[in-house]
Amino acid sequence: MSWIVAAVRKIRRAFRPMQEEYRERFSMTLRDWLLYHQRDIVFEKCSWMGVPTLKNPLDAWVYQEIVHEVRPEVIVEIGSAHGGSTLFFAHLLDLVGQGRVVSVDVDRTNYRISHPRITAITGDSADPQVIERVQRECQGQSVLVMQDGGHMKEQVLSDLRAYSGLVTPGSYFIVEDSIVDLFKPGDSLGFAKDGPLAAIEEFLVENPDFVIDAKRERYLLTYNPRGFLRRI
Ligand SMILES: C[S@@+](CC[C@H](N)C(=O)[O-])C[C@H]1O[C@@H](n2cnc3c(N)ncnc32)[C@H](O)[C@@H]1O
């Protein structure tokens with residue numbers, strides 16, 4: 001029996017460092033995790049089908065839930081960068097069997113995707129010609145809008161004002177990265193000036209037909225606090 005005891009002790013010893021490593025990891029606060037994800041993951045190690053995607057994967061899961069429930073005919077994405085998130089939405093629409101993505105971005109340097117459901121409009125989201133083109137693409141369709149372009153308050157508010165009228169009742173205007181208003185500059189997540197959360201607050205005062213859908217934040221680790229705006 002003594003060899004069994006010795007073997008058990010040996011196994012325990014071998015596993016203790018691993019347990020300690022995980023205990024330490026799991027003692028992170030939500031804030032620690034958000035900073036870890038921002039510093040170490042989102043810009044270099046997060047991808048959809050091999051294309052860089054600047055997303056919190058838990059938010060992407062919520063987008064999947066919303067697309068399944070709402071089944072928008074058009075998803076307008078303001079800010080596509082490499083196109084990972086644009087492709088993600090196109091693939092979700094493939095799965096639900098309908099819909100198109102209208103991608104608006106002022107800079108296509110890194111954009112490297114194509115998909116039959118995606119229409120790319122290149123230009124500043126505040127440019128009246130861009131707004132008009134998006135309006136034409138959305139005419140008569142059920143629409144969901146994602147704002148992941150410029151993150152300063154004025155830019156977000158301008159996009160909210162210009163594009164929220166396209167959102168059909170029951171669908172969403174999703175404002176990304178309102179988390180930056182909850183961190184400080186130097187945290188690697190904070191800005192020196194007001195950002196999306198401040199824009200959302202102002203927009204909601206002007207627009208009583210949008211409400212915050214807080215249940216979309218139920219996984220807690222969202223980059224979009226108060227950013228899931230449902231049109232009633
Ligand atoms: C955070 S990245 C988008 C990331 C992408 N949605 C993803 O999840 O992978 C922001 C993008 O917004 C674009 N952008 C910034 N300001 C813009 C504006 N005023 N109009 C259109 N695009 C803008 C930038 O060129 C950049 O590609």
# chains A, B, ... in the order shown; residues from 1 in each chain; ligands from 1
>>> closest_atom_pairs(of="chain A", to="ligand 1", cutoff="7 Å", atoms="only C-alpha atoms and all ligand atoms", output="JSON lines")
{"residue": "A:Pro52", "atom": "CA", "partner": "ligand 1", "partner_atom_place_in_ligand_line": "9 (O)", "distance": 6.2}
{"residue": "A:Thr53", "atom": "CA", "partner": "ligand 1", "partner_atom_place_in_ligand_line": "9 (O)", "distance": 3.5}
{"residue": "A:Leu54", "atom": "CA", "partner": "ligand 1", "partner_atom_place_in_ligand_line": "9 (O)", "distance": 3.8}
{"residue": "A:Lys55", "atom": "CA", "partner": "ligand 1", "partner_atom_place_in_ligand_line": "8 (O)", "distance": 4.9}
{"residue": "A:Ile78", "atom": "CA", "partner": "ligand 1", "partner_atom_place_in_ligand_line": "22 (N)", "distance": 5.9}
{"residue": "A:Gly79", "atom": "CA", "partner": "ligand 1", "partner_atom_place_in_ligand_line": "12 (O)", "distance": 3.3}
{"residue": "A:Ser80", "atom": "CA", "partner": "ligand 1", "partner_atom_place_in_ligand_line": "6 (N)", "distance": 4.1}
{"residue": "A:Ala81", "atom": "CA", "partner": "ligand 1", "partner_atom_place_in_ligand_line": "27 (O)", "distance": 3.2}
{"residue": "A:His82", "atom": "CA", "partner": "ligand 1", "partner_atom_place_in_ligand_line": "9 (O)", "distance": 6.1}
{"residue": "A:Gly83", "atom": "CA", "partner": "ligand 1", "partner_atom_place_in_ligand_line": "9 (O)", "distance": 5.9}
{"residue": "A:Gly84", "atom": "CA", "partner": "ligand 1", "partner_atom_place_in_ligand_line": "9 (O)", "distance": 5.1}
{"residue": "A:Ser85", "atom": "CA", "partner": "ligand 1", "partner_atom_place_in_ligand_line": "8 (O)", "distance": 4.6}
{"residue": "A:Thr86", "atom": "CA", "partner": "ligand 1", "partner_atom_place_in_ligand_line": "6 (N)", "distance": 7.0}
{"residue": "A:Val104", "atom": "CA", "partner": "ligand 1", "partner_atom_place_in_ligand_line": "21 (C)", "distance": 5.6}
{"residue": "A:Asp105", "atom": "CA", "partner": "ligand 1", "partner_atom_place_in_ligand_line": "22 (N)", "distance": 3.6}
{"residue": "A:Val106", "atom": "CA", "partner": "ligand 1", "partner_atom_place_in_ligand_line": "21 (C)", "distance": 4.2}
{"residue": "A:Asp107", "atom": "CA", "partner": "ligand 1", "partner_atom_place_in_ligand_line": "25 (O)", "distance": 4.4}
{"residue": "A:Gly123", "atom": "CA", "partner": "ligand 1", "partner_atom_place_in_ligand_line": "21 (C)", "distance": 5.8}
{"residue": "A:Asp124", "atom": "CA", "partner": "ligand 1", "partner_atom_place_in_ligand_line": "20 (N)", "distance": 3.6}
{"residue": "A:Ser125", "atom": "CA", "partner": "ligand 1", "partner_atom_place_in_ligand_line": "20 (N)", "distance": 3.9}
{"residue": "A:Ala126", "atom": "CA", "partner": "ligand 1", "partner_atom_place_in_ligand_line": "19 (N)", "distance": 6.0}
{"residue": "A:Asp148", "atom": "CA", "partner": "ligand 1", "partner_atom_place_in_ligand_line": "6 (N)", "distance": 5.2}
{"residue": "A:Gly149", "atom": "CA", "partner": "ligand 1", "partner_atom_place_in_ligand_line": "12 (O)", "distance": 3.3}
{"residue": "A:Gly150", "atom": "CA", "partner": "ligand 1", "partner_atom_place_in_ligand_line": "16 (N)", "distance": 3.8}
{"residue": "A:Gln155", "atom": "CA", "partner": "ligand 1", "partner_atom_place_in_ligand_line": "19 (N)", "distance": 6.7}
>>> residues_around(residues="range 170-185 of chain A", least_positions_apart="6", cutoff="10 Å", atoms="only C-alpha atoms", output="short mmCIF file (atom, residue, chain, number, x, y, z; two decimals) with N, CA and C atoms, in the first residue's frame")
data_model
loop_
_atom_site.label_atom_id
_atom_site.label_comp_id
_atom_site.auth_asym_id
_atom_site.auth_seq_id
_atom_site.Cartn_x
_atom_site.Cartn_y
_atom_site.Cartn_z
N ARG A 31 -12.38 43.65 -13.88
CA ARG A 31 -11.55 44.76 -14.39
C ARG A 31 -10.19 44.23 -14.87
N LEU A 34 -10.66 42.56 -18.23
CA LEU A 34 -10.87 43.50 -19.33
C LEU A 34 -9.54 44.14 -19.75
N LEU A 35 -8.72 44.47 -18.78
CA LEU A 35 -7.43 45.07 -19.11
C LEU A 35 -6.51 44.04 -19.77
N LYS A 55 -12.74 42.31 -31.13
CA LYS A 55 -13.96 42.09 -30.36
C LYS A 55 -13.67 41.34 -29.07
N ASN A 56 -14.55 41.61 -28.11
CA ASN A 56 -14.64 40.75 -26.93
C ASN A 56 -15.49 39.55 -27.35
N ASP A 59 -19.10 39.48 -26.31
CA ASP A 59 -20.00 40.37 -27.04
C ASP A 59 -20.38 39.74 -28.38
N TYR A 63 -24.01 39.16 -30.05
CA TYR A 63 -24.43 39.59 -31.40
C TYR A 63 -25.12 38.43 -32.12
N ILE A 66 -28.59 38.18 -30.87
CA ILE A 66 -29.44 39.26 -31.39
C ILE A 66 -29.78 39.00 -32.86
N VAL A 67 -28.79 38.62 -33.66
CA VAL A 67 -29.05 38.37 -35.08
C VAL A 67 -30.07 37.24 -35.24
N GLU A 69 -32.41 36.43 -33.12
CA GLU A 69 -33.75 36.88 -32.69
C GLU A 69 -34.35 37.91 -33.63
N VAL A 70 -33.54 38.87 -34.05
CA VAL A 70 -34.05 40.02 -34.82
C VAL A 70 -34.14 39.70 -36.32
N ARG A 71 -33.22 38.90 -36.80
CA ARG A 71 -33.14 38.56 -38.24
C ARG A 71 -33.19 39.80 -39.13
N PRO A 72 -32.24 40.72 -38.92
CA PRO A 72 -32.26 41.95 -39.73
C PRO A 72 -31.97 41.64 -41.20
N ILE A 75 -27.47 44.64 -41.87
CA ILE A 75 -26.66 45.07 -40.72
C ILE A 75 -25.71 46.14 -41.25
N VAL A 76 -25.82 47.34 -40.69
CA VAL A 76 -24.89 48.42 -41.07
C VAL A 76 -23.78 48.40 -40.03
N GLU A 77 -22.56 48.17 -40.48
CA GLU A 77 -21.42 48.19 -39.57
C GLU A 77 -20.58 49.43 -39.87
N ILE A 78 -20.52 50.34 -38.91
CA ILE A 78 -19.68 51.53 -39.07
C ILE A 78 -18.34 51.20 -38.41
N SER A 142 -35.53 45.73 -42.84
CA SER A 142 -35.32 45.79 -41.39
C SER A 142 -33.81 45.90 -41.15
N VAL A 143 -33.45 46.80 -40.23
CA VAL A 143 -32.04 47.21 -40.13
C VAL A 143 -31.53 47.18 -38.69
N LEU A 144 -30.30 46.70 -38.53
CA LEU A 144 -29.57 46.78 -37.26
C LEU A 144 -28.29 47.58 -37.55
N VAL A 145 -27.93 48.48 -36.65
CA VAL A 145 -26.71 49.28 -36.85
C VAL A 145 -25.73 48.99 -35.73
N MET A 146 -24.45 48.82 -36.12
CA MET A 146 -23.34 48.64 -35.18
C MET A 146 -22.41 49.83 -35.34
N GLN A 147 -22.11 50.53 -34.27
CA GLN A 147 -21.16 51.64 -34.37
C GLN A 147 -19.84 51.23 -33.75
N ASP A 148 -18.84 50.98 -34.57
CA ASP A 148 -17.49 50.65 -34.08
C ASP A 148 -16.48 51.46 -34.89
N GLY A 149 -16.84 52.70 -35.17
CA GLY A 149 -15.95 53.59 -35.92
C GLY A 149 -15.14 54.44 -34.96
N GLY A 150 -15.25 55.77 -35.12
CA GLY A 150 -14.57 56.65 -34.17
C GLY A 150 -15.24 56.54 -32.80
N HIS A 151 -14.43 56.60 -31.74
CA HIS A 151 -14.97 56.38 -30.39
C HIS A 151 -15.05 57.65 -29.53
N MET A 152 -14.72 58.80 -30.12
CA MET A 152 -14.89 60.03 -29.33
C MET A 152 -16.38 60.38 -29.28
N LYS A 153 -16.78 61.04 -28.18
CA LYS A 153 -18.20 61.33 -27.97
C LYS A 153 -18.86 61.98 -29.20
N VAL A 156 -19.43 59.50 -32.07
CA VAL A 156 -20.46 58.49 -31.77
C VAL A 156 -21.84 59.14 -31.82
N LEU A 157 -21.93 60.34 -31.23
CA LEU A 157 -23.22 61.04 -31.21
C LEU A 157 -23.65 61.38 -32.64
N ASP A 159 -22.86 59.73 -35.34
CA ASP A 159 -23.32 58.49 -36.00
C ASP A 159 -24.69 58.06 -35.45
N LEU A 160 -24.88 58.23 -34.14
CA LEU A 160 -26.19 57.88 -33.57
C LEU A 160 -27.28 58.73 -34.22
N TYR A 163 -27.64 57.72 -38.15
CA TYR A 163 -28.01 56.36 -38.57
C TYR A 163 -29.12 55.71 -37.73
N SER A 164 -29.48 56.31 -36.58
CA SER A 164 -30.46 55.64 -35.72
C SER A 164 -31.84 55.56 -36.37
N PHE A 191 -9.83 56.96 -22.31
CA PHE A 191 -9.52 58.15 -23.11
C PHE A 191 -9.44 59.36 -22.19
N ALA A 192 -8.77 60.41 -22.67
CA ALA A 192 -8.71 61.65 -21.90
C ALA A 192 -10.03 62.42 -22.00
N LYS A 193 -10.78 62.17 -23.08
CA LYS A 193 -12.04 62.90 -23.29
C LYS A 193 -13.22 61.94 -23.24
N ASP A 194 -14.43 62.53 -23.24
CA ASP A 194 -15.64 61.70 -23.24
C ASP A 194 -15.70 60.82 -24.49
N GLY A 195 -16.27 59.64 -24.29
CA GLY A 195 -16.38 58.69 -25.40
C GLY A 195 -17.81 58.21 -25.61
N PRO A 196 -17.97 56.95 -26.01
CA PRO A 196 -19.30 56.44 -26.41
C PRO A 196 -20.36 56.49 -25.30
N LEU A 197 -19.97 56.23 -24.06
CA LEU A 197 -20.98 56.19 -23.00
C LEU A 197 -21.63 57.56 -22.81
N ALA A 198 -20.81 58.59 -22.88
CA ALA A 198 -21.33 59.96 -22.77
C ALA A 198 -22.26 60.26 -23.95
N ALA A 199 -21.89 59.76 -25.13
CA ALA A 199 -22.74 59.97 -26.32
C ALA A 199 -24.08 59.26 -26.14
N ILE A 200 -24.04 58.05 -25.62
CA ILE A 200 -25.28 57.27 -25.42
C ILE A 200 -26.21 58.03 -24.47
N PHE A 210 -35.66 54.84 -28.11
CA PHE A 210 -34.62 53.83 -27.87
C PHE A 210 -34.49 53.59 -26.38
N VAL A 211 -34.34 52.30 -26.01
CA VAL A 211 -34.13 51.96 -24.60
C VAL A 211 -32.89 51.07 -24.47
N ILE A 212 -32.28 51.15 -23.30
CA ILE A 212 -31.12 50.28 -23.05
C ILE A 212 -31.62 48.88 -22.76
N ASP A 213 -31.08 47.90 -23.47
CA ASP A 213 -31.44 46.50 -23.21
C ASP A 213 -30.32 45.89 -22.35
N THR A 222 -18.64 42.76 -20.81
CA THR A 222 -18.93 43.40 -22.10
C THR A 222 -18.04 44.62 -22.32
N TYR A 223 -17.75 44.89 -23.59
CA TYR A 223 -17.07 46.14 -23.93
C TYR A 223 -18.11 47.25 -24.19
N ASN A 224 -19.38 46.91 -24.11
CA ASN A 224 -20.44 47.85 -24.52
C ASN A 224 -21.41 48.17 -23.39
N PRO A 225 -20.95 48.60 -22.21
CA PRO A 225 -21.92 48.90 -21.16
C PRO A 225 -22.91 49.98 -21.63
N ARG A 226 -24.20 49.69 -21.46
CA ARG A 226 -25.31 50.56 -21.89
C ARG A 226 -25.28 50.79 -23.40
N GLY A 227 -24.61 49.89 -24.12
CA GLY A 227 -24.43 50.08 -25.56
C GLY A 227 -25.42 49.31 -26.42
N PHE A 228 -26.28 48.51 -25.80
CA PHE A 228 -27.25 47.75 -26.59
C PHE A 228 -28.57 48.52 -26.57
N LEU A 229 -28.80 49.33 -27.58
CA LEU A 229 -29.96 50.22 -27.63
C LEU A 229 -31.02 49.61 -28.53
N ARG A 230 -32.16 49.28 -27.93
CA ARG A 230 -33.25 48.65 -28.70
C ARG A 230 -34.28 49.71 -29.06
N ARG A 231 -34.69 49.67 -30.29
CA ARG A 231 -35.75 50.62 -30.70
C ARG A 231 -37.11 50.03 -30.36
N ILE A 232 -37.93 50.82 -29.67
CA ILE A 232 -39.24 50.30 -29.26
C ILE A 232 -40.31 50.72 -30.26
#
>>> closest_residue(among="A:Ser114, A:Ser27, A:Gln64, A:Thr119", to="Val96 in chain A", atoms="only C-alpha atoms")
A:Gln64
>>> atom_distance(atom1="CA of Leu93 in chain A", atom2="CA of Glu65 in chain A")
11.9 Å
>>> select_by_dssp(residues="range 66-142 of chain A", states="helix (DSSP H, G or I)", output="NGL selection string")
:A and (66-70 or 84-96 or 128-138)
>>> write_last_selection(atoms="N, CA and C atoms", output="PDB file, in the first residue's frame")
ATOM      1  N   ILE A  66     -28.586  38.184 -30.868  1.00  0.00           N
ATOM      2  CA  ILE A  66     -29.437  39.260 -31.392  1.00  0.00           C
ATOM      3  C   ILE A  66     -29.782  39.003 -32.858  1.00  0.00           C
ATOM      4  N   VAL A  67     -28.791  38.620 -33.657  1.00  0.00           N
ATOM      5  CA  VAL A  67     -29.050  38.373 -35.084  1.00  0.00           C
ATOM      6  C   VAL A  67     -30.067  37.240 -35.238  1.00  0.00           C
ATOM      7  N   HIS A  68     -29.935  36.216 -34.423  1.00  0.00           N
ATOM      8  CA  HIS A  68     -30.891  35.099 -34.497  1.00  0.00           C
ATOM      9  C   HIS A  68     -32.309  35.572 -34.152  1.00  0.00           C
ATOM     10  N   GLU A  69     -32.413  36.431 -33.120  1.00  0.00           N
ATOM     11  CA  GLU A  69     -33.750  36.876 -32.688  1.00  0.00           C
ATOM     12  C   GLU A  69     -34.351  37.909 -33.635  1.00  0.00           C
ATOM     13  N   VAL A  70     -33.536  38.867 -34.047  1.00  0.00           N
ATOM     14  CA  VAL A  70     -34.052  40.018 -34.819  1.00  0.00           C
ATOM     15  C   VAL A  70     -34.144  39.705 -36.316  1.00  0.00           C
ATOM     16  N   GLY A  84     -12.781  41.409 -40.002  1.00  0.00           N
ATOM     17  CA  GLY A  84     -13.114  40.178 -39.272  1.00  0.00           C
ATOM     18  C   GLY A  84     -14.540  40.194 -38.741  1.00  0.00           C
ATOM     19  N   SER A  85     -14.931  41.344 -38.163  1.00  0.00           N
ATOM     20  CA  SER A  85     -16.285  41.427 -37.605  1.00  0.00           C
ATOM     21  C   SER A  85     -17.328  41.456 -38.732  1.00  0.00           C
ATOM     22  N   THR A  86     -16.965  42.074 -39.863  1.00  0.00           N
ATOM     23  CA  THR A  86     -17.877  42.147 -41.017  1.00  0.00           C
ATOM     24  C   THR A  86     -18.145  40.734 -41.541  1.00  0.00           C
ATOM     25  N   LEU A  87     -17.074  39.957 -41.643  1.00  0.00           N
ATOM     26  CA  LEU A  87     -17.209  38.573 -42.103  1.00  0.00           C
ATOM     27  C   LEU A  87     -18.004  37.738 -41.093  1.00  0.00           C
ATOM     28  N   PHE A  88     -17.759  38.007 -39.821  1.00  0.00           N
ATOM     29  CA  PHE A  88     -18.514  37.319 -38.758  1.00  0.00           C
ATOM     30  C   PHE A  88     -20.020  37.550 -38.952  1.00  0.00           C
ATOM     31  N   PHE A  89     -20.410  38.806 -39.191  1.00  0.00           N
ATOM     32  CA  PHE A  89     -21.837  39.099 -39.390  1.00  0.00           C
ATOM     33  C   PHE A  89     -22.355  38.432 -40.671  1.00  0.00           C
ATOM     34  N   ALA A  90     -21.549  38.464 -41.725  1.00  0.00           N
ATOM     35  CA  ALA A  90     -21.986  37.825 -42.983  1.00  0.00           C
ATOM     36  C   ALA A  90     -22.206  36.332 -42.756  1.00  0.00           C
ATOM     37  N   HIS A  91     -21.324  35.710 -41.986  1.00  0.00           N
ATOM     38  CA  HIS A  91     -21.484  34.267 -41.725  1.00  0.00           C
ATOM     39  C   HIS A  91     -22.709  33.994 -40.852  1.00  0.00           C
ATOM     40  N   LEU A  92     -22.988  34.890 -39.892  1.00  0.00           N
ATOM     41  CA  LEU A  92     -24.218  34.724 -39.095  1.00  0.00           C
ATOM     42  C   LEU A  92     -25.439  34.799 -40.015  1.00  0.00           C
ATOM     43  N   LEU A  93     -25.394  35.751 -40.965  1.00  0.00           N
ATOM     44  CA  LEU A  93     -26.523  35.892 -41.889  1.00  0.00           C
ATOM     45  C   LEU A  93     -26.629  34.674 -42.802  1.00  0.00           C
ATOM     46  N   ASP A  94     -25.482  34.089 -43.163  1.00  0.00           N
ATOM     47  CA  ASP A  94     -25.525  32.817 -43.912  1.00  0.00           C
ATOM     48  C   ASP A  94     -26.311  31.782 -43.108  1.00  0.00           C
ATOM     49  N   LEU A  95     -26.038  31.737 -41.813  1.00  0.00           N
ATOM     50  CA  LEU A  95     -26.686  30.719 -40.973  1.00  0.00           C
ATOM     51  C   LEU A  95     -28.192  30.961 -40.837  1.00  0.00           C
ATOM     52  N   VAL A  96     -28.597  32.242 -40.729  1.00  0.00           N
ATOM     53  CA  VAL A  96     -30.043  32.488 -40.620  1.00  0.00           C
ATOM     54  C   VAL A  96     -30.708  32.509 -42.004  1.00  0.00           C
ATOM     55  N   PRO A 128     -22.313  63.344 -45.753  1.00  0.00           N
ATOM     56  CA  PRO A 128     -23.706  63.210 -46.198  1.00  0.00           C
ATOM     57  C   PRO A 128     -23.881  62.229 -47.363  1.00  0.00           C
ATOM     58  N   GLN A 129     -22.870  62.153 -48.247  1.00  0.00           N
ATOM     59  CA  GLN A 129     -22.985  61.219 -49.391  1.00  0.00           C
ATOM     60  C   GLN A 129     -22.953  59.762 -48.923  1.00  0.00           C
ATOM     61  N   VAL A 130     -22.127  59.513 -47.899  1.00  0.00           N
ATOM     62  CA  VAL A 130     -22.053  58.151 -47.334  1.00  0.00           C
ATOM     63  C   VAL A 130     -23.378  57.816 -46.651  1.00  0.00           C
ATOM     64  N   ILE A 131     -23.884  58.769 -45.880  1.00  0.00           N
ATOM     65  CA  ILE A 131     -25.159  58.549 -45.171  1.00  0.00           C
ATOM     66  C   ILE A 131     -26.265  58.250 -46.184  1.00  0.00           C
ATOM     67  N   GLU A 132     -26.272  59.018 -47.255  1.00  0.00           N
ATOM     68  CA  GLU A 132     -27.314  58.831 -48.272  1.00  0.00           C
ATOM     69  C   GLU A 132     -27.199  57.458 -48.928  1.00  0.00           C
ATOM     70  N   ARG A 133     -25.956  57.026 -49.190  1.00  0.00           N
ATOM     71  CA  ARG A 133     -25.779  55.695 -49.815  1.00  0.00           C
ATOM     72  C   ARG A 133     -26.256  54.588 -48.885  1.00  0.00           C
ATOM     73  N   VAL A 134     -25.939  54.745 -47.600  1.00  0.00           N
ATOM     74  CA  VAL A 134     -26.387  53.727 -46.629  1.00  0.00           C
ATOM     75  C   VAL A 134     -27.912  53.723 -46.557  1.00  0.00           C
ATOM     76  N   GLN A 135     -28.486  54.920 -46.555  1.00  0.00           N
ATOM     77  CA  GLN A 135     -29.967  55.008 -46.518  1.00  0.00           C
ATOM     78  C   GLN A 135     -30.574  54.266 -47.703  1.00  0.00           C
ATOM     79  N   ARG A 136     -29.956  54.447 -48.879  1.00  0.00           N
ATOM     80  CA  ARG A 136     -30.484  53.768 -50.077  1.00  0.00           C
ATOM     81  C   ARG A 136     -30.389  52.251 -49.930  1.00  0.00           C
ATOM     82  N   GLU A 137     -29.265  51.786 -49.370  1.00  0.00           N
ATOM     83  CA  GLU A 137     -29.076  50.334 -49.190  1.00  0.00           C
ATOM     84  C   GLU A 137     -30.106  49.754 -48.225  1.00  0.00           C
ATOM     85  N   CYS A 138     -30.606  50.609 -47.321  1.00  0.00           N
ATOM     86  CA  CYS A 138     -31.489  50.114 -46.251  1.00  0.00           C
ATOM     87  C   CYS A 138     -32.974  50.304 -46.543  1.00  0.00           C
TER      88      CYS A 138
END
>>> select_by_dssp(residues="chain A", states="strand (DSSP E or B)", output="MDAnalysis selection string")
chainID A and resid 47:48 51:52 74:78 100:105 118:122 143:147 172:175 210:212 228:231
>>> write_last_selection(atoms="N, CA and C atoms", output="CSV table (one decimal), in the first residue's frame")
chain,number,residue,atom,x,y,z
A,47,SER,N,-9.4,36.6,-33.7
A,47,SER,CA,-9.7,36.5,-35.1
A,47,SER,C,-11.0,35.8,-35.3
A,48,TRP,N,-11.6,36.1,-36.5
A,48,TRP,CA,-12.7,35.3,-36.9
A,48,TRP,C,-12.3,34.7,-38.3
A,51,VAL,N,-9.3,36.1,-39.8
A,51,VAL,CA,-9.2,37.6,-40.0
A,51,VAL,C,-9.2,38.3,-38.7
A,52,PRO,N,-8.2,39.2,-38.4
A,52,PRO,CA,-8.2,39.9,-37.2
A,52,PRO,C,-9.6,40.6,-36.9
A,74,VAL,N,-30.7,44.0,-43.1
A,74,VAL,CA,-29.4,44.7,-43.3
A,74,VAL,C,-28.8,45.0,-42.0
A,75,ILE,N,-27.5,44.6,-41.9
A,75,ILE,CA,-26.7,45.1,-40.7
A,75,ILE,C,-25.7,46.1,-41.2
A,76,VAL,N,-25.8,47.3,-40.7
A,76,VAL,CA,-24.9,48.4,-41.1
A,76,VAL,C,-23.8,48.4,-40.0
A,77,GLU,N,-22.6,48.2,-40.5
A,77,GLU,CA,-21.4,48.2,-39.6
A,77,GLU,C,-20.6,49.4,-39.9
A,78,ILE,N,-20.5,50.3,-38.9
A,78,ILE,CA,-19.7,51.5,-39.1
A,78,ILE,C,-18.3,51.2,-38.4
A,100,ARG,N,-27.9,41.2,-45.5
A,100,ARG,CA,-26.7,41.7,-46.1
A,100,ARG,C,-26.0,42.6,-45.0
A,101,VAL,N,-24.7,42.7,-45.2
A,101,VAL,CA,-24.0,43.6,-44.3
A,101,VAL,C,-23.5,44.8,-45.1
A,102,VAL,N,-23.8,46.0,-44.6
A,102,VAL,CA,-23.2,47.2,-45.3
A,102,VAL,C,-22.1,47.8,-44.4
A,103,SER,N,-20.9,47.7,-44.9
A,103,SER,CA,-19.7,48.1,-44.1
A,103,SER,C,-19.3,49.5,-44.5
A,104,VAL,N,-19.2,50.4,-43.5
A,104,VAL,CA,-18.7,51.7,-43.8
A,104,VAL,C,-17.4,51.9,-43.1
A,105,ASP,N,-16.4,52.2,-43.9
A,105,ASP,CA,-15.1,52.5,-43.2
A,105,ASP,C,-14.4,53.6,-44.1
A,118,ILE,N,-21.7,41.1,-48.4
A,118,ILE,CA,-21.2,42.3,-47.9
A,118,ILE,C,-21.1,43.4,-49.0
A,119,THR,N,-21.5,44.6,-48.7
A,119,THR,CA,-21.3,45.8,-49.6
A,119,THR,C,-20.5,46.7,-48.8
A,120,ALA,N,-19.3,47.1,-49.4
A,120,ALA,CA,-18.4,48.0,-48.7
A,120,ALA,C,-18.6,49.4,-49.2
A,121,ILE,N,-18.8,50.3,-48.3
A,121,ILE,CA,-18.9,51.8,-48.7
A,121,ILE,C,-17.7,52.5,-48.0
A,122,THR,N,-16.8,53.1,-48.8
A,122,THR,CA,-15.6,53.7,-48.3
A,122,THR,C,-15.8,55.2,-48.1
A,143,VAL,N,-33.4,46.8,-40.2
A,143,VAL,CA,-32.0,47.2,-40.1
A,143,VAL,C,-31.5,47.2,-38.7
A,144,LEU,N,-30.3,46.7,-38.5
A,144,LEU,CA,-29.6,46.8,-37.3
A,144,LEU,C,-28.3,47.6,-37.5
A,145,VAL,N,-27.9,48.5,-36.7
A,145,VAL,CA,-26.7,49.3,-36.9
A,145,VAL,C,-25.7,49.0,-35.7
A,146,MET,N,-24.4,48.8,-36.1
A,146,MET,CA,-23.3,48.6,-35.2
A,146,MET,C,-22.4,49.8,-35.3
A,147,GLN,N,-22.1,50.5,-34.3
A,147,GLN,CA,-21.2,51.6,-34.4
A,147,GLN,C,-19.8,51.2,-33.7
A,172,TYR,N,-31.8,46.9,-33.1
A,172,TYR,CA,-30.8,47.5,-32.2
A,172,TYR,C,-29.9,48.5,-33.0
A,173,PHE,N,-29.5,49.5,-32.2
A,173,PHE,CA,-28.3,50.3,-32.5
A,173,PHE,C,-27.3,49.9,-31.4
A,174,ILE,N,-26.3,49.2,-31.8
A,174,ILE,CA,-25.3,48.8,-30.9
A,174,ILE,C,-24.1,49.7,-30.9
A,175,VAL,N,-23.8,50.3,-29.8
A,175,VAL,CA,-22.6,51.2,-29.7
A,175,VAL,C,-21.5,50.5,-29.0
A,210,PHE,N,-35.7,54.8,-28.1
A,210,PHE,CA,-34.6,53.8,-27.9
A,210,PHE,C,-34.5,53.6,-26.4
A,211,VAL,N,-34.3,52.3,-26.0
A,211,VAL,CA,-34.1,52.0,-24.6
A,211,VAL,C,-32.9,51.1,-24.5
A,212,ILE,N,-32.3,51.1,-23.3
A,212,ILE,CA,-31.1,50.3,-23.0
A,212,ILE,C,-31.6,48.9,-22.8
A,228,PHE,N,-26.3,48.5,-25.8
A,228,PHE,CA,-27.3,47.8,-26.6
A,228,PHE,C,-28.6,48.5,-26.6
A,229,LEU,N,-28.8,49.3,-27.6
A,229,LEU,CA,-30.0,50.2,-27.6
A,229,LEU,C,-31.0,49.6,-28.5
A,230,ARG,N,-32.2,49.3,-27.9
A,230,ARG,CA,-33.2,48.7,-28.7
A,230,ARG,C,-34.3,49.7,-29.1
A,231,ARG,N,-34.7,49.7,-30.3
A,231,ARG,CA,-35.7,50.6,-30.7
A,231,ARG,C,-37.1,50.0,-30.4
>>> closest_residue(among="A:Leu58, A:Gly190, A:Gln98, A:Thr109", to="Glu217 in chain A", atoms="only C-alpha atoms")
A:Leu58
>>> atom_distance(atom1="CA of Arg161 in chain A", atom2="CA of Asn207 in chain A")
9.3 Å
